[in-house]
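Here's the structure we're looking at; comments come further down.
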Amino acid sequence: MKKSLIMNEKKGSIFSVKTRDELTLKQAQQKVDEWIKTYGVRYFSELTNMAILAEEVGEVARIISREFGEQSFKGKEKNKKLSDELSDVLFVLICLANQTGVDLSDAFQKNIEKKIKRDKDRHKKNKKLK
């Protein structure tokens, strides 16, 4: 299990943990909810968060197109990290799940089960993937 040091921002909250273990989806949803209530005042509207999600996905696309595609980085873009931008996407996605009542642990498990049932042989039989 990975452990790393994090800052102790507020004693007695989920942020006061001195080491960080890998998070479950449920824990991540709780952590985002506490952050919103502690630092963010309230959730933005679902529509605003959807626009923010699209913006963050665009930032991921920009990095991918420059690191793995033919485009080159512009000035300050070189300092952007894919891991940070993916985390931004995850944060906003969790905000949307929280505010719409989606349990991501349950939803993800059901989604994997659906994919296994639907696609168990599909990709193995795909000649394009050989």
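Ordering of the structure tokens sets the chain letters (A, B, ...), residue numbers begin anew at 1 in every chain, and ligands are numbered from 1 in the order given.
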
Self-check item: alpha helix (DSSP H) positions in stretch 34-106 of chain A, given as an MDAnalysis selection string
Solution: chainID A and resid 34:35 46:67 82:100 104:106

Practice problem: Give the answer as one residue: which of A:Gln99, A:Gln30, A:Ser83, A:Asn111 has the shortest atom-to-atom distance to A:Asn49, using only C-alpha atoms? | Solution: A:Gln99

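Counting from atom CA of A:Cys95, the distance to atom CA of A:Asp21 is 21.1 Å.
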
Self-check item: Two-atom distance - atom CA of A:Gln29, atom CA of A:Glu59 (Å)
Solution: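 Taking atom CA of A:Gln29 as the start and atom CA of A:Glu59 as the end point, the length is 22.5 Å.
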
Quiz prompt | Which of A:Leu53, A:Ile36, A:Leu82, A:Leu129 sits closest to A:Phe68 [using only C-alpha atoms] | solution =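 Closest to A:Phe68 of all the choices is A:Leu82.
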
Exercise. Record the distance separating atom CA of A:Glu46 and atom CA of A:Phe91, expressed in Å with one decimal.
Key: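 That distance, rounded to one decimal, is 13.5 Å.
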